[in-house]
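This is model_38.cif (mmCIF, C-alpha atoms).
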data_final
#
loop_
_atom_site.group_PDB
_atom_site.id
_atom_site.type_symbol
_atom_site.label_atom_id
_atom_site.label_comp_id
_atom_site.auth_asym_id
_atom_site.auth_seq_id
_atom_site.Cartn_x
_atom_site.Cartn_y
_atom_site.Cartn_z
ATOM 1 C CA MET F 1 0.000 0.000 0.000
ATOM 2 C CA ILE F 2 1.304 3.446 -0.925
ATOM 3 C CA LEU F 3 0.596 6.120 1.655
ATOM 4 C CA SER F 4 1.366 9.787 1.834
ATOM 5 C CA SER F 5 4.147 10.758 4.203
ATOM 6 C CA VAL F 6 1.987 13.626 5.487
ATOM 7 C CA ASN F 7 0.988 12.594 8.997
ATOM 8 C CA ALA F 8 -1.823 13.896 11.171
ATOM 9 C CA GLN F 9 0.572 15.805 13.421
ATOM 10 C CA ASP F 10 2.273 17.593 10.526
ATOM 11 C CA LYS F 11 1.332 21.240 10.061
ATOM 12 C CA LEU F 12 1.066 22.035 6.386
ATOM 13 C CA SER F 13 2.317 25.214 4.737
ATOM 14 C CA THR F 14 -0.330 27.912 4.430
ATOM 15 C CA PRO F 15 -0.050 30.006 1.262
ATOM 16 C CA ALA F 16 -0.202 33.754 1.837
ATOM 17 C CA TYR F 17 -3.760 35.008 2.176
ATOM 18 C CA LEU F 18 -4.786 37.438 -0.499
ATOM 19 C CA GLN F 19 -4.685 41.193 -0.114
ATOM 20 C CA ILE F 20 -6.165 43.991 -2.191
ATOM 21 C CA GLY F 21 -4.052 44.412 -5.301
ATOM 22 C CA ASP F 22 -3.004 40.753 -5.515
ATOM 23 C CA THR F 23 -3.361 38.784 -8.738
ATOM 24 C CA ILE F 24 -5.102 35.462 -9.298
ATOM 25 C CA ALA F 25 -5.069 33.264 -12.394
ATOM 26 C CA ILE F 26 -8.096 31.511 -13.869
ATOM 27 C CA VAL F 27 -7.132 28.345 -15.727
ATOM 28 C CA ALA F 28 -8.919 25.286 -17.111
ATOM 29 C CA PRO F 29 -6.973 22.141 -16.174
ATOM 30 C CA ALA F 30 -9.709 19.711 -17.184
ATOM 31 C CA GLY F 31 -12.977 19.985 -19.120
ATOM 32 C CA ILE F 32 -13.616 22.195 -22.113
ATOM 33 C CA LEU F 33 -14.975 25.728 -21.680
ATOM 34 C CA LYS F 34 -17.585 26.109 -24.398
ATOM 35 C CA GLN F 35 -18.346 29.531 -25.838
ATOM 36 C CA TYR F 36 -21.351 30.213 -23.598
ATOM 37 C CA ARG F 37 -19.067 29.945 -20.575
ATOM 38 C CA LYS F 38 -17.046 32.991 -21.590
ATOM 39 C CA ALA F 39 -19.791 35.067 -19.963
ATOM 40 C CA THR F 40 -19.422 33.017 -16.796
ATOM 41 C CA VAL F 41 -15.672 33.559 -16.684
ATOM 42 C CA LEU F 42 -16.283 37.278 -17.158
ATOM 43 C CA LYS F 43 -18.570 37.172 -14.097
ATOM 44 C CA ALA F 44 -15.769 35.486 -12.144
ATOM 45 C CA VAL F 45 -13.318 38.169 -13.230
ATOM 46 C CA LYS F 46 -15.704 40.920 -12.144
ATOM 47 C CA LEU F 47 -16.323 39.208 -8.809
ATOM 48 C CA ALA F 48 -12.604 39.003 -8.060
ATOM 49 C CA GLU F 49 -12.102 42.590 -9.190
ATOM 50 C CA SER F 50 -14.905 43.716 -6.869
ATOM 51 C CA TRP F 51 -12.756 42.384 -4.032
ATOM 52 C CA GLY F 52 -9.805 44.479 -5.183
ATOM 53 C CA LEU F 53 -7.990 41.643 -6.942
ATOM 54 C CA LYS F 54 -6.418 41.519 -10.386
ATOM 55 C CA VAL F 55 -7.138 38.594 -12.714
ATOM 56 C CA VAL F 56 -5.154 36.974 -15.500
ATOM 57 C CA LEU F 57 -6.600 34.286 -17.764
ATOM 58 C CA GLY F 58 -4.715 31.245 -18.958
ATOM 59 C CA LYS F 59 -3.520 31.692 -22.557
ATOM 60 C CA ASN F 60 -5.154 28.414 -23.527
ATOM 61 C CA LEU F 61 -8.324 28.861 -21.456
ATOM 62 C CA TYR F 62 -10.706 28.542 -24.389
ATOM 63 C CA LYS F 63 -8.799 25.981 -26.418
ATOM 64 C CA GLN F 64 -10.555 22.743 -27.322
ATOM 65 C CA ASN F 65 -9.104 19.283 -27.712
ATOM 66 C CA ASN F 66 -12.003 16.856 -27.868
ATOM 67 C CA HIS F 67 -13.217 16.485 -24.259
ATOM 68 C CA PHE F 68 -10.598 18.813 -22.825
ATOM 69 C CA ALA F 69 -9.828 22.532 -22.575
ATOM 70 C CA GLY F 70 -6.861 22.148 -24.886
ATOM 71 C CA THR F 71 -4.274 19.414 -25.134
ATOM 72 C CA ASP F 72 -2.581 18.076 -22.026
ATOM 73 C CA VAL F 73 0.456 20.166 -22.943
ATOM 74 C CA GLU F 74 -1.606 23.347 -23.343
ATOM 75 C CA ARG F 75 -3.495 22.885 -20.082
ATOM 76 C CA CYS F 76 -0.263 22.011 -18.319
ATOM 77 C CA GLN F 77 1.421 25.135 -19.704
ATOM 78 C CA ASP F 78 -1.256 27.451 -18.298
ATOM 79 C CA PHE F 79 -1.056 25.780 -14.903
ATOM 80 C CA GLN F 80 2.753 25.777 -14.939
ATOM 81 C CA ASP F 81 2.896 29.457 -15.860
ATOM 82 C CA ALA F 82 0.604 30.242 -12.915
ATOM 83 C CA LEU F 83 2.631 28.051 -10.552
ATOM 84 C CA ASP F 84 5.893 29.729 -11.529
ATOM 85 C CA ASN F 85 4.755 33.369 -11.694
ATOM 86 C CA PRO F 86 5.621 34.977 -8.331
ATOM 87 C CA ASN F 87 3.035 37.708 -8.911
ATOM 88 C CA ILE F 88 0.159 35.211 -9.008
ATOM 89 C CA LYS F 89 -1.083 34.416 -5.500
ATOM 90 C CA ALA F 90 -3.861 31.946 -6.308
ATOM 91 C CA ILE F 91 -4.855 29.560 -9.101
ATOM 92 C CA TRP F 92 -8.617 29.331 -9.570
ATOM 93 C CA ALA F 93 -10.088 26.576 -11.704
ATOM 94 C CA ALA F 94 -12.663 27.749 -14.218
ATOM 95 C CA ARG F 95 -14.439 24.390 -14.063
ATOM 96 C CA GLY F 96 -13.884 20.709 -13.370
ATOM 97 C CA GLY F 97 -15.184 17.918 -15.558
ATOM 98 C CA TYR F 98 -12.327 15.512 -16.116
ATOM 99 C CA GLY F 99 -8.671 15.835 -17.001
ATOM 100 C CA SER F 100 -6.663 17.176 -14.043
ATOM 101 C CA VAL F 101 -5.067 13.792 -13.386
ATOM 102 C CA ARG F 102 -3.606 13.825 -16.895
ATOM 103 C CA ILE F 103 -1.361 16.805 -16.102
ATOM 104 C CA LEU F 104 -0.471 16.175 -12.442
ATOM 105 C CA ASP F 105 2.798 14.462 -13.273
ATOM 106 C CA LEU F 106 3.696 16.822 -16.112
ATOM 107 C CA LEU F 107 4.001 19.769 -13.752
ATOM 108 C CA ASP F 108 7.154 20.966 -12.009
ATOM 109 C CA TYR F 109 6.307 22.004 -8.445
ATOM 110 C CA THR F 110 9.793 23.313 -7.549
ATOM 111 C CA LYS F 111 8.910 27.023 -7.516
ATOM 112 C CA PHE F 112 5.481 26.297 -6.029
ATOM 113 C CA LYS F 113 7.032 24.569 -3.022
ATOM 114 C CA GLN F 114 9.369 27.535 -2.557
ATOM 115 C CA GLN F 115 6.464 29.998 -2.736
ATOM 116 C CA PRO F 116 3.138 28.180 -2.184
ATOM 117 C CA LYS F 117 -0.043 29.719 -3.514
ATOM 118 C CA TRP F 118 -3.687 28.757 -3.199
ATOM 119 C CA ILE F 119 -5.060 26.089 -5.537
ATOM 120 C CA ILE F 120 -8.858 26.429 -5.680
ATOM 121 C CA GLY F 121 -11.696 24.255 -6.928
ATOM 122 C CA TYR F 122 -13.686 21.098 -6.302
ATOM 123 C CA SER F 123 -14.880 18.003 -8.191
ATOM 124 C CA ASP F 124 -12.118 17.018 -10.648
ATOM 125 C CA ILE F 125 -9.783 19.470 -8.883
ATOM 126 C CA THR F 126 -9.709 16.860 -6.090
ATOM 127 C CA ALA F 127 -6.753 15.419 -8.012
ATOM 128 C CA PHE F 128 -4.814 18.602 -7.222
ATOM 129 C CA HIS F 129 -6.059 18.728 -3.635
ATOM 130 C CA ASN F 130 -4.701 15.230 -3.013
ATOM 131 C CA HIS F 131 -1.423 15.767 -4.846
ATOM 132 C CA ILE F 132 -0.708 19.170 -3.303
ATOM 133 C CA HIS F 133 -1.600 17.835 0.162
ATOM 134 C CA ASN F 134 1.177 15.303 -0.258
ATOM 135 C CA LEU F 135 3.553 18.166 -1.058
ATOM 136 C CA GLY F 136 2.672 19.581 2.360
ATOM 137 C CA VAL F 137 0.604 22.587 1.274
ATOM 138 C CA GLU F 138 -2.989 23.573 2.106
ATOM 139 C CA THR F 139 -5.563 24.071 -0.663
ATOM 140 C CA ILE F 140 -9.061 25.517 -0.911
ATOM 141 C CA HIS F 141 -11.980 23.224 -1.717
ATOM 142 C CA GLY F 142 -14.446 25.808 -2.942
ATOM 143 C CA MET F 143 -16.403 27.314 -5.787
ATOM 144 C CA MET F 144 -15.057 27.602 -9.320
ATOM 145 C CA ALA F 145 -15.828 30.193 -11.967
ATOM 146 C CA SER F 146 -18.528 27.852 -13.305
ATOM 147 C CA SER F 147 -20.325 28.090 -9.950
ATOM 148 C CA LEU F 148 -21.500 31.539 -11.009
ATOM 149 C CA GLU F 149 -23.932 29.872 -13.413
ATOM 150 C CA GLU F 150 -26.130 29.121 -10.397
ATOM 151 C CA LYS F 151 -28.942 31.477 -9.374
ATOM 152 C CA PRO F 152 -27.373 34.460 -7.552
ATOM 153 C CA GLU F 153 -29.648 34.139 -4.520
ATOM 154 C CA GLU F 154 -28.608 30.493 -4.083
ATOM 155 C CA ILE F 155 -24.846 31.089 -3.948
ATOM 156 C CA ILE F 156 -24.635 33.959 -1.475
ATOM 157 C CA LYS F 157 -23.150 31.746 1.256
ATOM 158 C CA THR F 158 -20.969 29.961 -1.281
ATOM 159 C CA ILE F 159 -19.369 33.214 -2.398
ATOM 160 C CA ALA F 160 -19.091 34.595 1.132
ATOM 161 C CA SER F 161 -17.266 31.515 2.412
ATOM 162 C CA PHE F 162 -14.971 31.511 -0.615
ATOM 163 C CA LYS F 163 -13.998 35.126 0.016
ATOM 164 C CA LYS F 164 -13.334 34.348 3.678
ATOM 165 C CA SER F 165 -11.043 31.474 2.780
ATOM 166 C CA LEU F 166 -9.074 33.624 0.321
ATOM 167 C CA PHE F 167 -8.590 36.578 2.657
ATOM 168 C CA GLY F 168 -7.878 34.604 5.823
ATOM 169 C CA GLU F 169 -11.105 35.116 7.739
ATOM 170 C CA LYS F 170 -12.178 32.351 10.084
ATOM 171 C CA LEU F 171 -14.305 29.558 8.638
ATOM 172 C CA SER F 172 -16.963 28.108 10.942
ATOM 173 C CA TYR F 173 -20.124 26.204 10.058
ATOM 174 C CA LYS F 174 -23.136 24.898 11.948
ATOM 175 C CA ILE F 175 -24.934 22.018 10.241
ATOM 176 C CA PRO F 176 -28.350 20.592 11.245
ATOM 177 C CA SER F 177 -27.942 16.993 12.346
ATOM 178 C CA SER F 178 -29.104 14.207 10.077
ATOM 179 C CA LYS F 179 -30.954 11.263 11.571
ATOM 180 C CA TYR F 180 -28.250 9.126 9.979
ATOM 181 C CA ASN F 181 -25.355 10.788 11.828
ATOM 182 C CA ARG F 182 -23.233 8.296 13.732
ATOM 183 C CA THR F 183 -21.254 9.826 16.558
ATOM 184 C CA ASN F 184 -20.444 6.977 18.973
ATOM 185 C CA SER F 185 -20.838 9.324 21.973
ATOM 186 C CA LEU F 186 -17.932 11.489 20.840
ATOM 187 C CA ASN F 187 -18.889 15.154 20.961
ATOM 188 C CA ILE F 188 -15.539 16.680 19.993
ATOM 189 C CA ILE F 189 -13.408 15.336 17.147
ATOM 190 C CA GLU F 190 -10.271 16.990 15.789
ATOM 191 C CA GLY F 191 -7.977 16.431 12.826
ATOM 192 C CA GLN F 192 -6.825 17.742 9.458
ATOM 193 C CA ILE F 193 -9.634 17.771 6.935
ATOM 194 C CA ILE F 194 -8.837 16.209 3.560
ATOM 195 C CA GLY F 195 -10.675 14.472 0.722
ATOM 196 C CA GLY F 196 -12.954 15.635 -2.077
ATOM 197 C CA ASN F 197 -14.825 13.926 -4.885
ATOM 198 C CA LEU F 198 -15.255 10.198 -4.340
ATOM 199 C CA ALA F 199 -14.512 9.123 -7.916
ATOM 200 C CA ILE F 200 -11.281 11.125 -7.956
ATOM 201 C CA LEU F 201 -10.263 9.902 -4.483
ATOM 202 C CA SER F 202 -10.709 6.373 -5.763
ATOM 203 C CA SER F 203 -8.701 7.103 -8.911
ATOM 204 C CA MET F 204 -5.748 8.324 -6.803
ATOM 205 C CA LEU F 205 -5.334 4.946 -5.073
ATOM 206 C CA GLY F 206 -2.000 3.254 -5.654
ATOM 207 C CA SER F 207 -0.293 6.481 -6.756
ATOM 208 C CA LYS F 208 1.858 9.092 -5.063
ATOM 209 C CA SER F 209 -1.315 11.178 -4.785
ATOM 210 C CA GLN F 210 -2.999 8.648 -2.476
ATOM 211 C CA LEU F 211 -3.826 10.163 0.907
ATOM 212 C CA ASN F 212 -2.811 9.110 4.379
ATOM 213 C CA THR F 213 -6.065 9.412 6.356
ATOM 214 C CA ASN F 214 -4.724 8.210 9.699
ATOM 215 C CA GLY F 215 -5.830 10.607 12.440
ATOM 216 C CA LYS F 216 -7.548 12.886 9.941
ATOM 217 C CA ILE F 217 -11.106 13.811 8.947
ATOM 218 C CA LEU F 218 -12.159 12.634 5.489
ATOM 219 C CA PHE F 219 -14.655 14.638 3.436
ATOM 220 C CA ILE F 220 -16.485 12.965 0.540
ATOM 221 C CA GLU F 221 -18.952 14.212 -2.099
ATOM 222 C CA GLU F 222 -20.215 12.807 -5.393
ATOM 223 C CA ILE F 223 -22.549 13.428 -8.320
ATOM 224 C CA GLY F 224 -24.220 11.447 -11.070
ATOM 225 C CA GLU F 225 -23.321 7.921 -9.971
ATOM 226 C CA TYR F 226 -25.318 4.743 -9.401
ATOM 227 C CA LYS F 227 -25.455 3.522 -5.812
ATOM 228 C CA TYR F 228 -23.600 0.360 -6.736
ATOM 229 C CA SER F 229 -20.819 2.500 -8.212
ATOM 230 C CA ILE F 230 -20.659 4.604 -5.044
ATOM 231 C CA ASP F 231 -20.441 1.420 -2.998
ATOM 232 C CA ARG F 232 -17.683 0.061 -5.242
ATOM 233 C CA MET F 233 -15.586 3.209 -4.843
ATOM 234 C CA LEU F 234 -16.135 3.306 -1.086
ATOM 235 C CA GLN F 235 -15.130 -0.345 -0.864
ATOM 236 C CA SER F 236 -11.952 0.518 -2.753
ATOM 237 C CA LEU F 237 -11.138 3.258 -0.232
ATOM 238 C CA LYS F 238 -11.894 0.845 2.600
ATOM 239 C CA ARG F 239 -9.580 -1.844 1.222
ATOM 240 C CA ALA F 240 -6.855 0.806 0.853
ATOM 241 C CA GLY F 241 -7.169 1.645 4.555
ATOM 242 C CA TYR F 242 -8.882 5.018 4.236
ATOM 243 C CA PHE F 243 -11.378 4.206 7.004
ATOM 244 C CA THR F 244 -9.140 2.132 9.299
ATOM 245 C CA ASN F 245 -7.688 4.916 11.446
ATOM 246 C CA VAL F 246 -9.571 7.976 10.231
ATOM 247 C CA ASN F 247 -10.969 10.156 13.040
ATOM 248 C CA ALA F 248 -14.279 10.882 11.281
ATOM 249 C CA VAL F 249 -15.961 10.995 7.883
ATOM 250 C CA ILE F 250 -17.980 13.993 6.693
ATOM 251 C CA ILE F 251 -20.387 13.473 3.802
ATOM 252 C CA GLY F 252 -21.218 16.417 1.574
ATOM 253 C CA ASN F 253 -23.612 16.503 -1.360
ATOM 254 C CA MET F 254 -24.453 13.161 -2.926
ATOM 255 C CA SER F 255 -26.135 14.689 -5.938
ATOM 256 C CA SER F 256 -28.169 13.361 -8.860
ATOM 257 C CA ILE F 257 -27.852 9.700 -7.913
ATOM 258 C CA ARG F 258 -28.792 7.654 -10.956
ATOM 259 C CA LYS F 259 -31.507 5.004 -10.852
ATOM 260 C CA ASN F 260 -30.538 1.477 -11.768
ATOM 261 C CA SER F 261 -33.029 -1.066 -13.098
ATOM 262 C CA THR F 262 -32.205 -3.227 -10.087
ATOM 263 C CA LYS F 263 -32.839 -1.222 -6.910
ATOM 264 C CA TRP F 264 -30.042 -1.011 -4.367
ATOM 265 C CA GLY F 265 -32.459 -1.370 -1.481
ATOM 266 C CA SER F 266 -31.264 1.242 1.014
ATOM 267 C CA ALA F 267 -30.769 4.982 1.313
ATOM 268 C CA ILE F 268 -27.422 6.406 0.233
ATOM 269 C CA GLU F 269 -26.728 7.307 3.868
ATOM 270 C CA GLN F 270 -27.193 3.707 4.959
ATOM 271 C CA LEU F 271 -25.011 2.495 2.107
ATOM 272 C CA ILE F 272 -22.198 4.693 3.419
ATOM 273 C CA LEU F 273 -22.718 3.620 7.028
ATOM 274 C CA ASP F 274 -22.544 -0.011 5.956
ATOM 275 C CA VAL F 275 -19.069 0.536 4.467
ATOM 276 C CA VAL F 276 -17.444 2.743 7.104
ATOM 277 C CA PRO F 277 -16.483 0.732 10.228
ATOM 278 C CA GLU F 278 -18.933 1.091 13.122
ATOM 279 C CA ASN F 279 -16.367 2.744 15.390
ATOM 280 C CA ILE F 280 -15.875 5.676 12.991
ATOM 281 C CA PRO F 281 -18.137 8.748 13.379
ATOM 282 C CA VAL F 282 -19.951 9.709 10.173
ATOM 283 C CA LEU F 283 -21.651 13.096 9.750
ATOM 284 C CA PHE F 284 -23.966 13.870 6.839
ATOM 285 C CA ASP F 285 -25.357 16.884 4.978
ATOM 286 C CA PHE F 286 -22.320 19.162 4.960
ATOM 287 C CA PRO F 287 -23.108 21.798 2.294
ATOM 288 C CA ALA F 288 -20.239 21.219 -0.121
ATOM 289 C CA GLY F 289 -20.035 19.559 -3.507
ATOM 290 C CA HIS F 290 -22.147 19.789 -6.644
ATOM 291 C CA GLU F 291 -24.946 21.978 -5.309
ATOM 292 C CA ALA F 292 -25.396 25.738 -5.339
ATOM 293 C CA ASP F 293 -24.629 25.935 -1.604
ATOM 294 C CA ASN F 294 -20.984 24.896 -1.729
ATOM 295 C CA ARG F 295 -19.141 26.143 1.368
ATOM 296 C CA ALA F 296 -15.401 26.611 1.195
ATOM 297 C CA MET F 297 -13.018 24.435 3.188
ATOM 298 C CA ILE F 298 -9.263 24.631 3.648
ATOM 299 C CA PHE F 299 -7.948 21.135 3.006
ATOM 300 C CA GLY F 300 -4.997 20.175 5.180
ATOM 301 C CA ARG F 301 -6.148 22.535 7.953
ATOM 302 C CA LYS F 302 -6.963 21.227 11.427
ATOM 303 C CA VAL F 303 -10.667 21.420 12.275
ATOM 304 C CA LYS F 304 -12.716 20.773 15.384
ATOM 305 C CA LEU F 305 -16.040 19.006 15.068
ATOM 306 C CA THR F 306 -18.450 19.614 17.934
ATOM 307 C CA VAL F 307 -21.351 17.214 17.701
ATOM 308 C CA GLY F 308 -24.721 17.845 19.373
ATOM 309 C CA SER F 309 -28.136 16.249 19.137
ATOM 310 C CA LYS F 310 -29.548 18.983 16.887
ATOM 311 C CA GLN F 311 -26.481 20.199 15.011
ATOM 312 C CA TYR F 312 -22.779 19.769 14.558
ATOM 313 C CA SER F 313 -20.236 22.516 14.037
ATOM 314 C CA VAL F 314 -17.104 22.540 11.921
ATOM 315 C CA ASP F 315 -14.552 25.096 13.101
ATOM 316 C CA PHE F 316 -11.347 25.654 11.163
ATOM 317 C CA GLU F 317 -8.232 26.472 13.157
ATOM 318 C CA ASP F 318 -6.853 29.994 12.634
#
Structure re-expressed in structure tokens:
Amino acid sequence: MILSSVNAQDKLSTPAYLQIGDTIAIVAPAGILKQYRKATVLKAVKLAESWGLKVVLGKNLYKQNNHFAGTDVERCQDFQDALDNPNIKAIWAARGGYGSVRILDLLDYTKFKQQPKWIIGYSDITAFHNHIHNLGVETIHGMMASSLEEKPEEIIKTIASFKKSLFGEKLSYKIPSSKYNRTNSLNIIEGQIIGGNLAILSSMLGSKSQLNTNGKILFIEEIGEYKYSIDRMLQSLKRAGYFTNVNAVIIGNMSSIRKNSTKWGSAIEQLILDVVPENIPVLFDFPAGHEADNRAMIFGRKVKLTVGSKQYSVDFED
């Protein structure tokens, strides 16, 4: 089994929080940005500028190579340029889709490790979250430019939490308790929070991007899968030891679950509980993933979970 050398007691590097006048780059490391999404990217630029930030766009942002936003080389070049440019303080993914894993090993992280900067996104960007975690640097699991396609009134908290994460304000959430929550009488749980999209977590297994979950808190979200597929991926994580010594599991959005001709026979929550060992606390309904309400998290940061009968709180360490 290949495990990350990043242990629970290790404090990861925190990239510099953004300040007015700083520059961020918007790049597309995965799926294609079709023409109608140019308006969405423009919204993202205006949002960042309203916060006093400057924005540069990847040179190949609107390229197309079949499924992808340009060839692997083109997408890699935009990401590499952003990694190496000392004036760029954050790299914000325009969208996910699929393709980040194809450029992970093409990138040179030498300058990035010398001067870490925020890598931001969710879904397919989980590949970067995992890989960068193993380099010892925190990342932001949060909205992408494509998130601005949601109804404005539905992403107010999404945007607010994203801004807080960028500018170094404290992140703290209170989540109504699900009837499926399993706490095992523990009311305070601590550990680094890591994870992301289930399919991408599963695809990282056996590589240098596989996570070490021992003593940590694992976050999982997913979209558009059959229950049997979700079970298969969870079983893969289980066999790889992801649930053996994890302190807790937090479940975000499990969106648009597909219906199979043969019914699974239980709720998605019960499916998850059946996979995760009974001694591991599991908390549901955290608002992050493929829904409009997608709260930002700093992956690799220590958090404290305080679990009550009516709600649980997630407080990120300063």
Would you write out, as a VMD selection string, every residue that the PyMOL selection byres ((chain F and resi 77) around 10) captures in this file?
chain F and resid 27 29 58 to 60 71 to 76 78 to 83 103 106 to 107
One-decimal distance in Å that lies between atom CA of F:Ile88 and atom CA of F:Ile24
5.3 Å
What lies within 12 Å of F:Lys227 using only C-alpha atoms, ignoring chain neighbours under 6 positions off, as a list of chain:residue names?
F:Met233, F:Leu234, F:Met254, F:Ser255, F:Ser256, F:Ile257, F:Arg258, F:Lys259, F:Asn260, F:Ser261, F:Thr262, F:Lys263, F:Trp264, F:Gly265, F:Ser266, F:Ala267, F:Ile268, F:Glu269, F:Gln270, F:Leu271, F:Ile272
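Closest approach to F:Glu291 among F:Ala69, F:Ala248, F:Met143, F:Leu53: F:Met143, based on all atoms listed in the file.
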Evaluated on this file, the PyMOL selection byres ((chain F and resi 114-129) around 6) picks out some residues - which ones are they, written as a PDB file with C-alpha atoms, in the coordinates of the input?
ATOM      1  CA  PRO F  15      -0.050  30.006   1.262  1.00  0.00           C
ATOM      2  CA  LYS F  89      -1.083  34.416  -5.500  1.00  0.00           C
ATOM      3  CA  ALA F  90      -3.861  31.946  -6.308  1.00  0.00           C
ATOM      4  CA  ILE F  91      -4.855  29.560  -9.101  1.00  0.00           C
ATOM      5  CA  TRP F  92      -8.617  29.331  -9.570  1.00  0.00           C
ATOM      6  CA  ALA F  93     -10.088  26.576 -11.704  1.00  0.00           C
ATOM      7  CA  GLY F  96     -13.884  20.709 -13.370  1.00  0.00           C
ATOM      8  CA  GLY F  97     -15.184  17.918 -15.558  1.00  0.00           C
ATOM      9  CA  TYR F  98     -12.327  15.512 -16.116  1.00  0.00           C
ATOM     10  CA  VAL F 101      -5.067  13.792 -13.386  1.00  0.00           C
ATOM     11  CA  LYS F 111       8.910  27.023  -7.516  1.00  0.00           C
ATOM     12  CA  PHE F 112       5.481  26.297  -6.029  1.00  0.00           C
ATOM     13  CA  LYS F 113       7.032  24.569  -3.022  1.00  0.00           C
ATOM     14  CA  ASN F 130      -4.701  15.230  -3.013  1.00  0.00           C
ATOM     15  CA  HIS F 131      -1.423  15.767  -4.846  1.00  0.00           C
ATOM     16  CA  ILE F 132      -0.708  19.170  -3.303  1.00  0.00           C
ATOM     17  CA  HIS F 133      -1.600  17.835   0.162  1.00  0.00           C
ATOM     18  CA  THR F 139      -5.563  24.071  -0.663  1.00  0.00           C
ATOM     19  CA  ILE F 140      -9.061  25.517  -0.911  1.00  0.00           C
ATOM     20  CA  HIS F 141     -11.980  23.224  -1.717  1.00  0.00           C
ATOM     21  CA  GLY F 142     -14.446  25.808  -2.942  1.00  0.00           C
ATOM     22  CA  MET F 143     -16.403  27.314  -5.787  1.00  0.00           C
ATOM     23  CA  MET F 144     -15.057  27.602  -9.320  1.00  0.00           C
ATOM     24  CA  GLY F 196     -12.954  15.635  -2.077  1.00  0.00           C
ATOM     25  CA  ASN F 197     -14.825  13.926  -4.885  1.00  0.00           C
TER      26      ASN F 197
END
Need the neighbours of (-14.2, 37.9, -8.2): which residues are at most 12 Å away, counting all atoms listed in the file, as a ChimeraX atom specification?
/F:20,22-26,40-56,92,94,143-145,147-148,159-160,162-163,166
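Distance check against F:Ala8 using all atoms listed in the file: of F:Asp84, F:Glu153, F:Asp105, F:Glu190, the minimum falls on F:Glu190.
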If you count only C-alpha atoms, which residues fall within 6 Å of F:Gly289, apart from same-chain ones fewer than 3 positions away, as a PyMOL selection string?
chain F and resi 221+253+294
Report, in Å to a single decimal, how far apart atom CA of F:Ser178 and atom CA of F:Ser161 are.
22.3 Å
Interatomic distance, atom CA of F:Glu138 to atom CA of F:Ile298 (Å, one decimal)
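Here the two named atoms are 6.5 Å from each other.
When all atoms listed in the file are used to compute distances to F:Gly31, the closest of the residues F:Gly70, F:Gly191, F:Gly252, F:Pro86 turns out to be F:Gly70.
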Could you give me, as a CSV table (one decimal) with C-alpha atoms, in the coordinates of the input, the residues within 8 Å of F:Lys170, counting only C-alpha atoms and dropping anything in the same chain fewer than 4 positions from it?
chain,number,residue,atom,x,y,z
F,164,LYS,CA,-13.3,34.3,3.7
F,165,SER,CA,-11.0,31.5,2.8
F,316,PHE,CA,-11.3,25.7,11.2
F,317,GLU,CA,-8.2,26.5,13.2
F,318,ASP,CA,-6.9,30.0,12.6
Give me, as JSON lines, each residue of stretch 210-274 of chain F that comes within 9 Å of stretch 203-206 of chain F, together with its shortest interatomic pair and the distance in Å at one decimal, counting all atoms listed in the file, with rows ordered by chain and rising residue number.
{"residue": "F:Gln210", "atom": "CA", "partner": "F:Leu205", "partner_atom": "CA", "distance": 5.1}
{"residue": "F:Leu211", "atom": "CA", "partner": "F:Leu205", "partner_atom": "CA", "distance": 8.1}
{"residue": "F:Met233", "atom": "CA", "partner": "F:Ser203", "partner_atom": "CA", "distance": 8.9}
{"residue": "F:Ser236", "atom": "CA", "partner": "F:Leu205", "partner_atom": "CA", "distance": 8.3}
{"residue": "F:Leu237", "atom": "CA", "partner": "F:Leu205", "partner_atom": "CA", "distance": 7.7}
{"residue": "F:Ala240", "atom": "CA", "partner": "F:Leu205", "partner_atom": "CA", "distance": 7.4}
Pick out the closest residue to F:Phe167 from this set: F:Asn87, F:Ser146, F:Gln19, F:Thr183. Count all atoms listed in the file.
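Of F:Asn87, F:Ser146, F:Gln19, F:Thr183, the one nearest F:Phe167 is F:Gln19, counting all atoms listed in the file.
Near F:Tyr173, within a cut-off of 12 Å and counting all atoms listed in the file, sit the residues F:Lys157, F:Thr158, F:Ser161, F:Asp285, F:Phe286, F:Pro287, F:Ala288, F:Asn294, F:Arg295, F:Ala296, F:Met297, F:Val303, F:Lys304, F:Leu305, F:Thr306, F:Val307, F:Gln311, F:Tyr312, F:Ser313, F:Val314, F:Asp315, F:Phe316, with same-chain residues fewer than 4 positions away left out.
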Selected residue, from F:Ser5, F:Thr244, F:Asn85, F:Ser185, that lies nearest to F:Tyr109 when counting only C-alpha atoms:
F:Asn85
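Among F:Ile220, F:Ile193, F:Leu273, F:Val246, the residue with the shortest atom-to-atom distance to F:His290, counting all atoms listed in the file, is F:Ile220.
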